[in-house]
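Engineer: You'll find target-v9.tsv just under this line, and it carries TSV, C-alpha atoms.
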chain	number	residue	atom	x	y	z
A	1	ASP	CA	-28.64	-10.96	-21.36
A	2	LEU	CA	-26.24	-13.87	-21.80
A	3	ASN	CA	-24.36	-14.44	-25.04
A	4	GLY	CA	-21.60	-17.00	-24.88
A	5	PRO	CA	-21.51	-17.67	-21.15
A	6	ILE	CA	-18.37	-19.63	-20.44
A	7	GLY	CA	-16.87	-19.05	-16.99
A	8	VAL	CA	-18.97	-19.29	-13.84
A	9	VAL	CA	-18.21	-18.89	-10.16
A	10	MET	CA	-20.59	-18.82	-7.19
A	11	ASP	CA	-20.21	-16.56	-4.19
A	12	PRO	CA	-20.81	-18.89	-1.22
A	13	ARG	CA	-21.58	-15.92	1.02
A	14	ASN	CA	-24.74	-14.82	-0.78
A	15	GLY	CA	-25.45	-17.38	-3.53
A	16	SER	CA	-24.82	-14.97	-6.41
A	17	LEU	CA	-23.35	-16.33	-9.63
A	18	TYR	CA	-20.79	-14.42	-11.67
A	19	VAL	CA	-20.72	-15.32	-15.35
A	20	ALA	CA	-18.09	-14.49	-17.96
A	21	ASN	CA	-20.24	-13.39	-20.89
A	22	TYR	CA	-17.68	-14.14	-23.63
A	23	LEU	CA	-19.45	-12.76	-26.70
A	24	LYS	CA	-20.74	-9.61	-24.99
A	25	ASN	CA	-17.37	-8.83	-23.35
A	26	ASP	CA	-18.79	-8.37	-19.89
A	27	ILE	CA	-19.33	-10.04	-16.52
A	28	VAL	CA	-22.86	-10.46	-15.23
A	29	ARG	CA	-24.12	-11.17	-11.75
A	30	VAL	CA	-27.09	-13.50	-11.35
A	31	GLU	CA	-28.78	-13.07	-7.98
A	32	PRO	CA	-30.49	-16.04	-6.27
A	33	SER	CA	-33.80	-14.35	-7.18
A	34	GLY	CA	-32.88	-14.62	-10.87
A	35	GLN	CA	-32.18	-10.92	-11.37
A	36	VAL	CA	-29.33	-10.37	-13.84
A	37	SER	CA	-27.13	-7.26	-13.88
A	38	VAL	CA	-23.91	-6.27	-15.64
A	39	LEU	CA	-21.05	-6.12	-13.15
A	40	ALA	CA	-18.26	-5.08	-15.53
A	41	SER	CA	-18.10	-4.30	-19.24
A	42	GLY	CA	-15.44	-3.48	-21.82
A	43	LEU	CA	-13.51	-6.69	-21.23
A	44	LYS	CA	-11.83	-8.53	-24.11
A	45	LYS	CA	-13.36	-12.02	-24.33
A	46	PRO	CA	-13.65	-12.82	-20.59
A	47	TYR	CA	-13.12	-16.51	-20.00
A	48	ASN	CA	-12.32	-17.91	-16.55
A	49	LEU	CA	-13.28	-16.49	-13.17
A	50	LEU	CA	-11.83	-16.83	-9.69
A	51	LEU	CA	-13.46	-15.32	-6.61
A	52	ASP	CA	-11.27	-14.47	-3.64
A	53	THR	CA	-13.73	-14.11	-0.76
A	54	LEU	CA	-11.01	-12.98	1.66
A	55	THR	CA	-10.26	-9.83	-0.36
A	56	ASN	CA	-13.70	-9.57	-2.01
A	57	THR	CA	-12.06	-9.60	-5.44
A	58	LEU	CA	-13.14	-11.27	-8.70
A	59	TYR	CA	-10.32	-12.18	-11.08
A	60	VAL	CA	-11.14	-12.53	-14.79
A	61	THR	CA	-8.94	-13.94	-17.54
A	62	GLU	CA	-9.30	-12.11	-20.83
A	63	GLN	CA	-8.59	-14.35	-23.79
A	64	GLU	CA	-8.16	-11.62	-26.42
A	65	THR	CA	-5.47	-9.72	-24.51
A	66	ASN	CA	-3.93	-12.66	-22.63
A	67	SER	CA	-4.37	-10.80	-19.37
A	68	VAL	CA	-6.04	-11.03	-15.98
A	69	SER	CA	-8.32	-8.27	-14.70
A	70	ARG	CA	-9.20	-7.63	-11.09
A	71	ILE	CA	-12.69	-6.46	-10.08
A	72	LYS	CA	-13.17	-5.28	-6.52
A	73	LEU	CA	-16.65	-6.29	-5.33
A	74	SER	CA	-18.77	-4.35	-2.89
A	75	PRO	CA	-18.94	-5.95	0.58
A	76	GLY	CA	-21.66	-8.48	1.22
For the structure just supplied, provide its representation as structure tokens.
Structural biologist:
Amino acid sequence: DLNGPIGVVMDPRNGSLYVANYLKNDIVRVEPSGQVSVLASGLKKPYNLLLDTLTNTLYVTEQETNSVSRIKLSPG
């Protein structure tokens, strides 16, 4: 499921990893169990990630559009 993983951030609350999947233009979540799921798609070369645990928001830089996207995560 990964193709060009580049940015990674861990959620300290539950141990999940969020990965910027650069060549597939999406963000995947890797659960501690190893299960992988697509969290967001349609991004333009996602690169760096920042997780704000206070607002439960994942920020993603998109290299192709020189922009930052905000993904609101479900609680927990």
Engineer: One number please: atom CA of A:Val60 to atom CA of A:Ile6, in Å, one decimal.
Structural biologist: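 So the two atoms, atom CA of A:Val60 and atom CA of A:Ile6, lie 11.6 Å apart.
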Engineer: Closest to A:Leu50 among A:Val30, A:Leu23, A:Leu17, A:Val38, using only C-alpha atoms?
Structural biologist: A:Leu17
Engineer: Rank A:Leu2, A:Ile27, A:Ala40, A:Met10 by their smallest atom-to-atom distance to A:Thr53, using all atoms listed in the file, and report the top residue only.
Structural biologist: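 Result for the nearest residue to A:Thr53: A:Met10.
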Engineer: Rounded to one decimal, what separation in Å do you get between atom CA of A:Ser16 and atom CA of A:Thr61?
Structural biologist: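 Computed distance, atom CA of A:Ser16 to atom CA of A:Thr61, equals 19.4 Å.
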Engineer: Using all atoms listed in the file, find the one residue out of A:Ser41, A:Asn14, A:Asn48, A:Gln35 that sits nearest to A:Glu62.
Structural biologist: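 Between A:Ser41, A:Asn14, A:Asn48, A:Gln35, the residue approaching A:Glu62 most closely is A:Asn48.
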Engineer: Could you state the separation of atom CA of A:Tyr47 and atom CA of A:Asn25 in Å, given to one decimal place?
Structural biologist: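 Separation between atom CA of A:Tyr47 and atom CA of A:Asn25: 9.4 Å.
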Engineer: Give me the residues within 9 Å of A:Asp1 as a list in words, counting all atoms listed in the file and dropping any in the same chain fewer than 4 places off.
Structural biologist: Asn21, Lys24, Val28, Val36, Ser37 and Val38 of chain A
Engineer: Set the distance at 10 Å and use all atoms listed in the file: which residues neighbour A:Glu64 once local chain neighbours fewer than 5 positions away are removed? I'd like the list as an MDAnalysis selection string.
Structural biologist: chainID A and resid 43:47
Engineer: For each of A:Gly4, A:Gly15, A:Ser33, A:Leu39, take the minimum atom-to-atom distance to A:Ser74, counting all atoms listed in the file, then give the residue where this is smallest.
Structural biologist: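 Going through A:Gly4, A:Gly15, A:Ser33, A:Leu39 one by one, the smallest distance to A:Ser74 is for A:Leu39.
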Engineer: Assuming 8 Å of padding per side, give the centre and edge lengths of the axis-aligned box around every listed atom of stretch 18-23 of chain A, in Å to one decimal and as lines of an AutoDock Vina configuration file.
Structural biologist:
center_x = -19.2
center_y = -14.0
center_z = -19.2
size_x = 19.1
size_y = 18.6
size_z = 31.0
Engineer: Between A:Val8, A:Leu58, A:Leu51, A:Val68, which residue has the minimum interatomic distance to A:Ala20, considering only C-alpha atoms?
Structural biologist: A:Val8
Engineer: Give the answer as one residue: which of A:Gly34, A:Thr57, A:Asp52, A:Pro12 has the shortest atom-to-atom distance to A:Ile71, using all atoms listed in the file?
Structural biologist: A:Thr57
